[in-house]
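K.L.:
This one is my_file.csv, CSV, C-alpha atoms.
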chain,number,residue,atom,x,y,z
A,1,MET,CA,147.8,173.2,32.0
A,2,ILE,CA,147.7,170.6,34.8
A,3,THR,CA,144.7,172.4,36.4
A,4,THR,CA,142.9,172.3,33.0
A,5,ILE,CA,143.6,168.5,32.8
A,6,ILE,CA,142.2,168.0,36.3
A,7,ALA,CA,139.1,170.0,35.4
A,8,LEU,CA,138.5,167.9,32.3
A,9,ALA,CA,139.0,164.8,34.4
A,10,CYS,CA,136.3,166.0,36.7
A,11,VAL,CA,134.0,166.5,33.7
A,12,THR,CA,134.5,163.0,32.3
A,13,PHE,CA,134.3,161.3,35.8
A,14,ALA,CA,131.2,163.3,36.7
A,15,THR,CA,129.3,162.1,33.6
A,16,ARG,CA,130.2,158.5,34.5
A,17,TYR,CA,129.6,158.7,38.3
A,18,LEU,CA,126.6,161.0,38.5
A,19,PHE,CA,123.8,158.3,38.2
A,20,LEU,CA,125.8,155.9,40.4
A,21,ALA,CA,125.8,158.3,43.3
A,22,LYS,CA,123.7,157.3,46.3
A,23,ARG,CA,123.3,161.0,47.1
A,24,LEU,CA,121.1,161.3,44.1
A,25,PRO,CA,117.9,160.0,45.6
A,26,PHE,CA,115.7,158.3,43.1
A,27,THR,CA,114.8,154.8,42.2
A,28,ILE,CA,114.3,153.4,38.7
A,29,GLY,CA,110.9,151.9,38.3
A,30,PRO,CA,110.1,148.8,36.1
A,31,LYS,CA,108.9,151.0,33.2
A,32,PHE,CA,112.0,153.2,33.2
A,33,GLN,CA,114.2,150.1,33.6
A,34,ARG,CA,112.5,148.5,30.5
A,35,PHE,CA,113.3,151.7,28.6
A,36,LEU,CA,117.0,151.5,29.8
A,37,SER,CA,117.3,147.8,28.9
A,38,PHE,CA,117.5,148.9,25.3
A,39,SER,CA,120.4,151.3,25.9
A,40,ALA,CA,123.3,148.9,25.3
A,41,PRO,CA,122.2,147.5,22.0
A,42,CYS,CA,121.1,151.0,20.8
A,43,VAL,CA,124.3,152.8,21.8
A,44,LEU,CA,126.6,150.1,20.5
A,45,THR,CA,124.7,150.0,17.2
A,46,ALA,CA,125.0,153.8,17.0
A,47,ILE,CA,128.8,153.4,17.4
A,48,TRP,CA,129.4,150.6,14.9
A,49,VAL,CA,127.0,151.6,12.1
A,50,PRO,CA,128.8,154.9,11.2
A,51,ILE,CA,132.2,153.1,11.3
A,52,VAL,CA,131.0,150.7,8.7
A,53,PHE,CA,128.9,153.1,6.5
A,54,ILE,CA,130.8,156.4,6.8
A,55,GLN,CA,134.4,156.8,5.6
A,56,ASN,CA,136.1,160.2,5.5
A,57,GLY,CA,132.8,161.9,6.1
A,58,GLU,CA,131.1,160.2,3.1
A,59,LEU,CA,128.2,157.8,3.3
A,60,THR,CA,128.8,154.6,1.4
A,61,THR,CA,126.2,151.9,0.7
A,62,SER,CA,128.1,150.0,-2.0
A,63,ILE,CA,127.8,146.3,-1.3
A,64,THR,CA,131.4,145.8,-2.6
A,65,HIS,CA,132.9,148.1,0.0
A,66,PRO,CA,135.3,146.1,2.4
A,67,TYR,CA,133.7,147.6,5.5
A,68,ILE,CA,130.2,146.6,4.4
A,69,ILE,CA,131.2,143.1,3.1
A,70,ALA,CA,133.1,142.3,6.4
A,71,ALA,CA,130.2,143.7,8.5
A,72,ILE,CA,127.8,141.4,6.8
A,73,VAL,CA,130.2,138.5,7.5
A,74,ALA,CA,130.5,139.6,11.1
A,75,ILE,CA,126.7,139.7,11.5
A,76,LEU,CA,126.4,136.2,10.0
A,77,LEU,CA,129.2,134.8,12.2
A,78,ALA,CA,127.7,136.5,15.3
A,79,LEU,CA,124.3,134.9,14.5
A,80,ARG,CA,125.9,131.5,13.9
A,81,PHE,CA,128.5,131.2,16.6
A,82,LYS,CA,127.7,133.9,19.3
A,83,ASN,CA,131.4,134.0,20.1
A,84,LEU,CA,133.3,137.2,20.4
A,85,TYR,CA,136.6,135.9,19.1
A,86,ILE,CA,135.2,133.9,16.1
A,87,THR,CA,133.1,137.0,15.0
A,88,THR,CA,135.9,139.5,15.5
A,89,PHE,CA,138.8,137.6,13.9
A,90,GLY,CA,136.7,135.9,11.2
A,91,SER,CA,135.3,139.2,9.9
A,92,LEU,CA,138.6,141.0,10.4
A,93,ALA,CA,140.3,138.3,8.1
A,94,VAL,CA,137.6,138.9,5.4
A,95,PHE,CA,138.0,142.7,5.9
A,96,PHE,CA,141.8,142.6,5.2
A,97,VAL,CA,141.3,140.4,2.1
A,98,PHE,CA,139.3,143.2,0.6
A,99,PHE,CA,140.9,146.2,2.2
B,100,MET,CA,137.9,134.2,41.2
B,101,LYS,CA,140.6,133.2,38.8
B,102,ILE,CA,138.0,132.4,36.2
B,103,ALA,CA,136.4,135.9,36.6
B,104,ILE,CA,139.8,137.6,36.3
B,105,LYS,CA,140.8,135.5,33.2
B,106,LYS,CA,137.4,136.1,31.5
B,107,GLY,CA,137.6,139.8,32.2
B,108,LEU,CA,141.1,140.0,30.6
B,109,LEU,CA,140.1,137.8,27.6
B,110,ASP,CA,136.8,139.5,26.9
B,111,MET,CA,138.5,143.0,26.8
B,112,LEU,CA,141.7,141.9,25.0
B,113,PRO,CA,140.4,142.4,21.4
B,114,LEU,CA,139.3,145.9,22.3
B,115,ASN,CA,142.6,146.6,24.2
B,116,LEU,CA,144.4,145.8,20.9
B,117,ALA,CA,142.0,147.5,18.6
B,118,VAL,CA,142.3,150.9,20.2
B,119,LEU,CA,146.1,150.9,19.9
B,120,PRO,CA,146.2,153.4,17.0
B,121,TRP,CA,144.0,155.9,18.9
B,122,GLY,CA,146.0,155.5,22.1
B,123,ILE,CA,149.2,156.2,20.2
B,124,LEU,CA,147.5,159.2,18.5
B,125,CYS,CA,146.4,160.6,21.9
B,126,GLY,CA,150.0,160.5,23.1
B,127,SER,CA,151.7,161.8,19.9
B,128,LEU,CA,149.0,164.5,19.2
B,129,ALA,CA,149.5,165.9,22.7
B,130,ILE,CA,153.3,166.1,22.2
B,131,GLN,CA,152.9,167.8,18.8
B,132,ASN,CA,150.6,170.3,20.4
B,133,GLY,CA,153.1,171.4,23.0
B,134,PHE,CA,152.1,169.2,26.0
B,135,SER,CA,154.9,167.9,28.1
B,136,ALA,CA,155.3,164.1,28.4
B,137,LEU,CA,153.8,164.2,31.9
B,138,GLU,CA,150.8,166.3,30.8
B,139,ALA,CA,150.2,164.0,27.8
B,140,GLN,CA,150.2,161.0,30.0
B,141,LEU,CA,148.0,162.7,32.6
B,142,MET,CA,145.3,163.2,29.9
B,143,SER,CA,145.0,159.4,29.6
B,144,LEU,CA,145.6,158.7,33.3
B,145,LEU,CA,143.0,161.2,34.5
B,146,VAL,CA,140.6,162.3,31.7
B,147,PHE,CA,140.7,158.8,30.2
B,148,ALA,CA,138.3,159.3,27.2
B,149,GLY,CA,139.2,158.6,23.6
B,150,SER,CA,137.3,161.0,21.5
B,151,ALA,CA,136.9,163.7,24.2
B,152,GLN,CA,140.6,163.5,24.8
B,153,LEU,CA,141.6,164.0,21.1
B,154,VAL,CA,139.2,166.9,20.7
B,155,ALA,CA,140.3,168.5,24.0
B,156,ILE,CA,144.0,168.3,23.0
B,157,GLU,CA,143.3,170.1,19.8
B,158,LEU,CA,141.2,172.8,21.5
B,159,MET,CA,143.8,173.4,24.2
B,160,ALA,CA,146.4,173.8,21.5
B,161,LYS,CA,144.2,176.4,19.9
B,162,ASP,CA,143.9,178.3,23.2
B,163,VAL,CA,140.1,178.3,23.2
B,164,SER,CA,138.4,179.6,26.4
B,165,PHE,CA,138.2,177.3,29.4
B,166,VAL,CA,134.4,177.3,29.3
B,167,THR,CA,134.3,176.2,25.6
B,168,LEU,CA,136.7,173.4,26.5
B,169,VAL,CA,134.6,172.2,29.4
B,170,ILE,CA,131.4,172.3,27.5
B,171,THR,CA,132.8,170.5,24.5
B,172,THR,CA,134.2,167.8,26.7
B,173,PHE,CA,130.9,167.5,28.4
B,174,ILE,CA,129.0,167.1,25.1
B,175,ILE,CA,131.3,164.3,24.0
B,176,SER,CA,131.1,162.6,27.4
B,177,ALA,CA,127.3,163.0,27.8
B,178,ARG,CA,126.7,159.5,26.6
B,179,HIS,CA,128.3,158.2,29.8
B,180,LEU,CA,125.3,159.7,31.8
B,181,LEU,CA,123.2,157.1,30.0
B,182,TYR,CA,125.6,154.3,30.9
B,183,GLY,CA,125.6,155.2,34.6
B,184,LEU,CA,121.8,155.4,34.5
B,185,SER,CA,121.5,152.0,32.8
B,186,ILE,CA,123.6,150.2,35.4
B,187,ARG,CA,122.3,152.2,38.4
B,188,LYS,CA,119.8,149.6,39.4
B,189,LYS,CA,122.5,146.9,39.4
B,190,MET,CA,125.1,149.0,41.1
B,191,ILE,CA,123.5,151.4,43.6
B,192,ASP,CA,123.4,149.0,46.5
B,193,LYS,CA,127.1,148.3,46.2
B,194,PRO,CA,129.6,150.0,48.5
B,195,LEU,CA,131.7,153.0,47.1
B,196,LYS,CA,134.8,150.8,46.8
B,197,TRP,CA,133.1,149.1,43.9
B,198,ARG,CA,130.9,152.0,42.5
B,199,GLY,CA,133.8,154.4,42.4
B,200,PRO,CA,136.3,152.4,40.4
B,201,ILE,CA,133.6,150.9,38.1
B,202,ALA,CA,132.3,154.5,37.4
B,203,PHE,CA,135.9,155.6,36.6
B,204,PHE,CA,136.4,152.7,34.2
B,205,LEU,CA,132.9,153.1,32.6
B,206,THR,CA,133.9,153.6,29.0
B,207,ASP,CA,132.0,152.6,25.9
B,208,GLU,CA,134.1,149.5,26.0
B,209,LEU,CA,133.2,148.5,29.5
B,210,PHE,CA,129.6,149.4,29.0
B,211,ALA,CA,129.6,147.0,26.0
B,212,PHE,CA,130.1,144.1,28.5
B,213,SER,CA,127.5,145.4,31.0
B,214,HIS,CA,124.3,144.3,29.3
B,215,HIS,CA,124.0,140.8,30.8
B,216,HIS,CA,120.9,140.7,33.1
B,217,ARG,CA,123.2,139.5,36.0
B,218,ALA,CA,126.0,141.9,35.2
B,219,TYR,CA,127.5,143.3,38.5
B,220,GLN,CA,125.6,140.9,40.6
B,221,GLY,CA,127.8,139.1,43.1
B,222,LYS,CA,131.4,139.5,43.8
B,223,LEU,CA,132.7,137.5,40.8
B,224,ARG,CA,130.8,139.6,38.3
B,225,LEU,CA,132.1,142.8,40.0
B,226,VAL,CA,135.6,141.4,39.8
B,227,TYR,CA,135.1,140.5,36.2
B,228,ALA,CA,133.9,144.1,35.3
B,229,LEU,CA,136.7,145.7,37.3
B,230,VAL,CA,139.4,143.6,35.7
B,231,ALA,CA,138.0,144.2,32.2
B,232,GLY,CA,137.7,147.9,32.9
B,233,ALA,CA,141.2,148.2,34.5
B,234,SER,CA,142.8,146.2,31.7
B,235,PHE,CA,141.4,148.7,29.2
B,236,TYR,CA,142.7,151.6,31.3
B,237,LEU,CA,146.2,150.0,31.4
B,238,ALA,CA,146.2,149.3,27.7
B,239,TRP,CA,145.0,152.8,26.9
B,240,ASN,CA,147.7,154.3,29.0
B,241,LEU,CA,150.4,152.0,27.6
B,242,TRP,CA,149.4,153.0,24.0
B,243,THR,CA,149.5,156.6,25.0
B,244,PHE,CA,152.9,156.2,26.4
B,245,PHE,CA,154.1,154.6,23.1
B,246,GLY,CA,152.7,157.6,21.3
B,247,ILE,CA,154.5,160.0,23.7
B,248,VAL,CA,157.9,158.4,23.3
B,249,ALA,CA,157.7,157.1,19.7
B,250,GLY,CA,154.9,159.0,18.1
B,251,GLN,CA,157.2,161.0,15.9
B,252,TYR,CA,158.8,157.8,14.4
B,253,LEU,CA,155.5,156.0,13.9
B,254,PRO,CA,153.3,156.3,10.9
B,255,ASP,CA,149.6,157.2,11.4
B,256,LEU,CA,148.1,153.8,12.3
B,257,THR,CA,144.5,155.0,12.4
B,258,ASN,CA,143.9,154.4,8.7
B,259,LEU,CA,145.0,150.8,8.8
B,260,GLY,CA,141.4,149.6,9.1
B,261,LEU,CA,141.6,148.8,12.8
B,262,ASP,CA,138.4,150.9,13.2
B,263,PHE,CA,136.7,147.9,11.6
B,264,ALA,CA,138.0,145.7,14.4
B,265,ILE,CA,136.1,147.9,16.9
B,266,ALA,CA,132.9,147.7,14.7
B,267,ALA,CA,133.3,143.9,14.5
B,268,ILE,CA,133.6,143.6,18.3
B,269,PHE,CA,130.5,145.7,18.8
B,270,ILE,CA,128.7,143.6,16.2
B,271,ALA,CA,129.8,140.5,18.0
B,272,LEU,CA,128.4,141.9,21.3
B,273,VAL,CA,125.1,143.3,19.9
B,274,ILE,CA,123.8,140.7,17.5
B,275,PRO,CA,123.4,137.7,19.8
B,276,GLY,CA,121.4,140.0,22.2
B,277,ILE,CA,118.8,140.7,19.5
B,278,THR,CA,116.3,138.1,20.4
B,279,ASN,CA,113.0,139.9,19.7
B,280,THR,CA,111.5,142.3,17.2
B,281,SER,CA,111.5,145.2,19.5
B,282,THR,CA,115.3,145.1,20.1
B,283,LEU,CA,115.8,144.6,16.4
B,284,VAL,CA,113.8,147.6,15.4
B,285,ALA,CA,115.3,149.6,18.2
B,286,CYS,CA,118.8,148.9,16.8
B,287,ILE,CA,117.8,149.7,13.3
B,288,VAL,CA,116.3,153.0,14.4
B,289,SER,CA,119.4,153.9,16.3
B,290,GLY,CA,121.7,152.9,13.4
B,291,LEU,CA,119.8,154.8,10.8
B,292,SER,CA,119.3,157.9,12.9
B,293,MET,CA,123.0,157.9,13.8
B,294,LEU,CA,123.9,157.9,10.1
B,295,TYR,CA,121.6,160.9,9.6
B,296,PHE,CA,123.0,162.8,12.7
B,297,LYS,CA,126.6,162.1,11.4
B,298,THR,CA,125.9,163.6,8.0
B,299,VAL,CA,124.4,166.7,9.5
B,300,GLU,CA,127.2,166.8,12.2
B,301,PHE,CA,124.8,167.0,15.1
B,302,GLU,CA,127.0,167.0,18.3
B,303,PHE,CA,124.5,165.1,20.6
B,304,GLY,CA,124.0,162.6,17.8
B,305,LEU,CA,125.0,159.5,19.7
B,306,VAL,CA,122.8,160.2,22.7
B,307,ALA,CA,119.9,161.3,20.5
B,308,ALA,CA,120.2,158.1,18.3
B,309,ALA,CA,120.3,155.9,21.3
B,310,LEU,CA,117.3,157.6,22.9
B,311,LEU,CA,115.3,157.3,19.7
B,312,GLY,CA,116.1,153.6,19.4
B,313,MET,CA,115.3,153.0,23.1
B,314,THR,CA,112.0,154.8,22.8
B,315,THR,CA,111.1,152.7,19.8
B,316,GLY,CA,112.0,149.5,21.6
B,317,TYR,CA,110.1,150.5,24.7
B,318,LEU,CA,106.9,151.4,22.8
B,319,LEU,CA,107.1,148.2,20.7
B,320,GLN,CA,107.6,146.0,23.7
B,321,THR,CA,104.9,147.6,25.7
B,322,LYS,CA,102.5,147.2,22.8
B,323,GLU,CA,103.5,143.5,22.4
B,324,ASP,CA,102.9,142.8,26.1
B,325,LYS,CA,99.4,144.4,25.9
B,326,SER,CA,98.3,142.3,22.9
Spell out the structure here as structure tokens.

P.N.:
Amino acid sequence: MITTIIALACVTFATRYLFLAKRLPFTIGPKFQRFLSFSAPCVLTAIWVPIVFIQNGELTTSITHPYIIAAIVAILLALRFKNLYITTFGSLAVFFVFF
Amino acid sequence: MKIAIKKGLLDMLPLNLAVLPWGILCGSLAIQNGFSALEAQLMSLLVFAGSAQLVAIELMAKDVSFVTLVITTFIISARHLLYGLSIRKKMIDKPLKWRGPIAFFLTDELFAFSHHHRAYQGKLRLVYALVAGASFYLAWNLWTFFGIVAGQYLPDLTNLGLDFAIAAIFIALVIPGITNTSTLVACIVSGLSMLYFKTVEFEFGLVAAALLGMTTGYLLQTKEDKS
């Protein structure tokens, strides 16, 4: 069991370390870097969108759904205040009013 | 230095709290599936991956083959290849004593704070990232520990809506960064394609959705620059 756990640890660490290894000799040109500059917004969006729109495997688009109401509030708060805490706790408060 | 440490802790704090239900679940699920307390904790100490960890625990309990287990873990972890690639330019000139730990702590959560154009530049920003990443590691392991010792007495906390907290934090981090049309369209393409991939249960969905969005953003921005 411990051996299996260590093997899995190697898999997860390898995926994180591989492209940070100096032994992998390649440099990232300006075009590729431009492509990569979209990775954070795209990945994070691909993580939060299904949390908001899919519950128990079902797609919901009803505007009265607590996840969707609170996500709209979060987007508005983020646009207005650009502050992690205000957006998170403000929208979370709205979420729990409707949840 | 103190400011960098404090900012690292404060920025990661909401996520540290929001993942509590899943940390507890990782601990309690491992115990339910016949892991010893040490093995359950080692999953979080060494493998340190939320969704990959949960799936691996269930697969190990089902006695699937070692190869299946490794391939499944790789598929779920594949998105981290993209994270490493994205911060390579900023990190590659740093000594191993920084690259090693940052890579180990490079979760979705730490990557969420890596987008600033000066991220990882200079010692203070490295300390900031390391503190943020390490605090998430400690929190994750603490919640796992709670799950190991008290999981059987605790109700399932994953349906309390704390998943919305994670969504809210990611919204708070993404939205202010959308300052031009190409980023906006890139995000919309990623979000919509991810919804599609989820409904068809495509395993590489997250990576595919991100790549589709990134390609869209890249093409739009290149076109914009030419005109």

K.L.:
Excluding Ser39 (chain A) and its own-chain neighbours fewer than 3 positions away, which residues fall within 9 Å of it when counting all atoms listed in the file? Please give them as a ChimeraX atom specification.

P.N.:
/A:35-36,42-44 /B:181-182,185,214,309-310,312-313

K.L.:
So, with all atoms listed in the file as the atoms that count, which of A:Phe38, A:Arg16, A:Phe81, A:Thr60 lies closest to Leu319 (chain B)?

P.N.:
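For Leu319 (chain B), the nearest of the given residues is A:Phe38.
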
K.L.:
List the spatial neighbours of Pro254 (chain B) as a list in words - criterion: any atom at most 12 Å away, only C-alpha atoms, same-chain residues fewer than 5 positions off excluded.

P.N.:
Pro120, Ile123, Leu124, Ser127, Gly246, Ala249 and Leu259 of chain B

K.L.:
Can you spit out the residues from that selection as a PDB file, keeping the file's coordinate frame, using C-alpha atoms?

P.N.:
ATOM      1  CA  PRO B 120     146.200 153.400  17.000  1.00  0.00           C
ATOM      2  CA  ILE B 123     149.200 156.200  20.200  1.00  0.00           C
ATOM      3  CA  LEU B 124     147.500 159.200  18.500  1.00  0.00           C
ATOM      4  CA  SER B 127     151.700 161.800  19.900  1.00  0.00           C
ATOM      5  CA  GLY B 246     152.700 157.600  21.300  1.00  0.00           C
ATOM      6  CA  ALA B 249     157.700 157.100  19.700  1.00  0.00           C
ATOM      7  CA  LEU B 259     145.000 150.800   8.800  1.00  0.00           C
TER       8      LEU B 259
END

K.L.:
Distance CA of Phe235 (chain B)-CA of Met111 (chain B), one decimal place?

P.N.:
6.8 Å

K.L.:
When the cut-off is 7 Å and we count only C-alpha atoms, which residues of chain B are near chain A, given as an MDAnalysis selection string?

P.N.:
chainID B and resid 138 142 145:146 169 173 176:177 179:180 183:185 187:188 190:191 198 202:203 205 211 214 262:264 266:275 282 285:286 289:290 293:294 305 308:309 312:314 316:317

K.L.:
Interatomic distance between CA of Thr298 (chain B) and CA of Asn258 (chain B)?

P.N.:
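Distance between the two atoms: 20.2 Å.
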
K.L.:
How many Å lie between CA of Leu109 (chain B) and CA of Gly232 (chain B), rounded to one decimal?

P.N.:
11.7 Å

K.L.:
Give me the residues near Tyr219 (chain B) as an MDAnalysis selection string, where near means some atom within 9 Å (using only C-alpha atoms) and where sequence neighbours in that chain fewer than 6 positions away do not count.

P.N.:
chainID B and resid 186 189:190 213 225:228

K.L.:
Could you list, as a list in words, every residue within 12 Å of Leu153 (chain B), counting only C-alpha atoms and ignoring same-chain residues fewer than 6 positions away?

P.N.:
Trp121, Gly122, Ile123, Leu124, Cys125, Gly126, Ser127, Leu128, Ala129, Ile130, Asn132, Ala139, Met142, Ser143, Val146, Phe147, Met159, Ala160, Leu168, Thr171, Thr172, Ile175 and Thr243 of chain B

K.L.:
Which residue gives the smallest distance to Ala136 (chain B) among B:Leu237, B:Ala218, B:Ile247, B:Leu256, with all atoms listed in the file counted?

P.N.:
B:Ile247

K.L.:
Write out as a list in words the residues lying within 9 Å of Lys105 (chain B), counting only C-alpha atoms and excluding same-chain residues fewer than 5 positions away.

P.N.:
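These residues fall inside the cut-off: Met100, Asp110, Tyr227 and Val230 of chain B.
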